[in-house]
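These notes are about the structure you will find just below.
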Amino acid sequence: MPGAAALPPIAGGLLAWFQTNKRLLPFRQEPSAYHIWVSEIMLQQTRVSAALPYYERFIRALPDPAALAACPPDVLRKLWQGLGYYNRAANMQKAARIVCERYGGALPADTAALRALPGIGDYTAGAIASIAFGIPAPAVDGNVLRVFARLYNDGADITLPATKQAFTARVLAHMPKEAPGPYNEALMELGALVCVPGAPHCGDCPLRGLCRGHAAGTAAALPTKPPRPPKPVLPVTVALVESGRGMLLQRRPPKGLLAGLWQPAAFEAALDAAQLAAELQKLGVTAHFTKPLPAAKHVFTHRVWALSGWRGTAEAVPLPEGWAWGAPRDYPIPSAFAAYLALRDA
Ligand code: SF4
């Protein structure tokens with residue numbers, strides 16, 4: 001197996017590089033456990049530059065676990081609007097409530113106790129434990145797996161738990177026990193800035209002298225992942241219906257995809273205008289459709305929505321529970337509908 005033998009120590013060069021190259025990020029200036037937690041959850045699927053305004057707004061509105069625990073769910077959804085993956089915010093709130101009940105409102109300085117909180121996996125628990133509390137725990141995300149696959153020139157499939165375990169053992173073997181937080185952060189930063197997906201910037205890398213992937217010319221092809229199966233494509237038909245009291249809006253179910261968020265009236269089926277009108281009639285809304293909506297697509301982690309629909313008008317009749325006439329900007333509406341809402345303002 002290539003790369004099985006230990007590498008010379010990497011921590012010295014890595015930490016020196018990190019000291020002079022790290023980005024000045026707000027959660028690095030005040031690395032409390034709460035700040036690290038919020039930033040790591042936000043950064044799981046979002047680039048740092050995109051997540052920063054959300055992070056700053058979130059911390060201003062909810063400065064500690066007690067504030068997060070007490071936040072009305074719709075306010076929380078609004079704060080998270082645009083980041084997607086809303087169940088992360090809901091899980092953070094569940095975890096904040098446990099932190100308040102069990103730990104007096106402060107995240108516990110214990111990797112296993114952190115790991116037991118809703119929404120906190122091995123990586124996030126390791127990041128909080130090491131960065132905020134100096135506990136020598138590994139924090140192995142996709143960036144770190146990529147760096148280690150290349151350093152060791154190891155083509156093992158990184159989606160397999162056994163590979164992750166073996167790579168985590170290597171990460172730990174190189175960890176300086178007196179600086180676990182900076183070491184983990186430095187690895188993440190190297191993966192984000194230098195050892196990037198595709199062609200790495202080996203010329204800027206403090207580890208190139210000992211990197212086996214670089215020496216073998218295989219780095220760009222690593223890490224190895226099996227191809228993903230295609231995502232199912234599901235039709236969604238939208239009714240963008242305006243009345244004198246605003247747009248017809250609907251709350252999504254309390255569980256499942258985009259739970260509890262609001263949206264323009266939408267049905268998870270391919271409906272023609274007559275079928276769409278019949279669905280709205282069940283609510284007592286008589287819609288007059290005037291224009292078809294252009295086809296659009298929204299890609300989720302496990303599925304794709306193929307969106308279509310109609311624009312129209314209706315009288316603002318009273319609506320059943322879970323429906324409202326209103327201004328979309330006042331509701332937490334997922335970005336899947338952004339293209340259609342923008343059309344409305346155009
Ligand atoms: S030398 Fe290149 S491939 Fe190796 S760790 Fe550095 S950036 Fe990644």
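Identifiers in this document derive from the order of the structure tokens: chains are assigned A, B, ..., residues are numbered from 1 separately in each chain, and ligands are numbered from 1 in order of occurrence.
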
Just want the residues within 8 Å of ligand 1, written as number ranges by chain, counting only C-alpha atoms and all ligand atoms. A: 146-148, 150-151, 190-191, 194-196, 200-214, 219-220

If we count only C-alpha atoms, what is near A:Arg57 at a cut-off of 12 Å, once residues fewer than 2 positions away on the same chain are taken out, given as a list in words? Pro26, Val38, Ser39, Ala51, Leu52, Pro53, Tyr54, Tyr55, Ile59, Arg60, Ala61, Leu62, Pro63, Leu76, Lys78, Leu79, Trp80 and Gln81 of chain A

Create the file for the chosen residues now, containing C-alpha atoms and written as an mmCIF file, in the first residue's frame.
```
data_model
loop_
_atom_site.group_PDB
_atom_site.id
_atom_site.type_symbol
_atom_site.label_atom_id
_atom_site.label_comp_id
_atom_site.auth_asym_id
_atom_site.auth_seq_id
_atom_site.Cartn_x
_atom_site.Cartn_y
_atom_site.Cartn_z
ATOM 1 C CA PRO A 26 -13.912 36.866 13.365
ATOM 2 C CA VAL A 38 -21.512 28.376 15.033
ATOM 3 C CA SER A 39 -18.746 28.967 12.474
ATOM 4 C CA ALA A 51 -20.729 32.603 5.386
ATOM 5 C CA LEU A 52 -19.085 35.592 7.129
ATOM 6 C CA PRO A 53 -21.996 38.070 6.906
ATOM 7 C CA TYR A 54 -24.332 35.353 8.190
ATOM 8 C CA TYR A 55 -21.943 34.532 11.020
ATOM 9 C CA ILE A 59 -23.617 36.194 16.665
ATOM 10 C CA ARG A 60 -24.945 39.744 17.051
ATOM 11 C CA ALA A 61 -28.521 38.479 17.368
ATOM 12 C CA LEU A 62 -27.735 35.350 19.396
ATOM 13 C CA PRO A 63 -24.500 35.972 21.302
ATOM 14 C CA LEU A 76 -33.921 31.517 13.801
ATOM 15 C CA LYS A 78 -34.858 34.056 9.160
ATOM 16 C CA LEU A 79 -31.292 34.369 10.524
ATOM 17 C CA TRP A 80 -30.358 31.171 8.672
ATOM 18 C CA GLN A 81 -32.201 32.093 5.463
#
```

What's the 12 Å shell around A:Pro318, counting only C-alpha atoms, without same-chain residues fewer than 5 positions away, as an NGL selection string? :A and (243 or 245 or 248 or 283-286 or 323-325)

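Using only C-alpha atoms, the nearest neighbour of A:Ala156 within the list A:Glu101, A:Leu68, A:Thr224, A:Asn184 is A:Thr224.
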
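Residue nearest A:Ser308 within the list A:Ala169, A:Met247, A:Val238, A:Ile98: A:Val238 [criterion: smallest interatomic distance, only C-alpha atoms].
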
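In this structure, atom CA of A:Arg47 sits 16.3 Å away from atom CA of A:Ser335.
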
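When only C-alpha atoms are used to compute distances to A:Glu321, the closest of the residues A:Leu172, A:Leu258, A:Leu249, A:Leu160 turns out to be A:Leu249.
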
Taking only C-alpha atoms into account, which of A:Val48, A:Val75, A:Leu276, A:Ala70 comes nearest A:Leu24? A:Val48
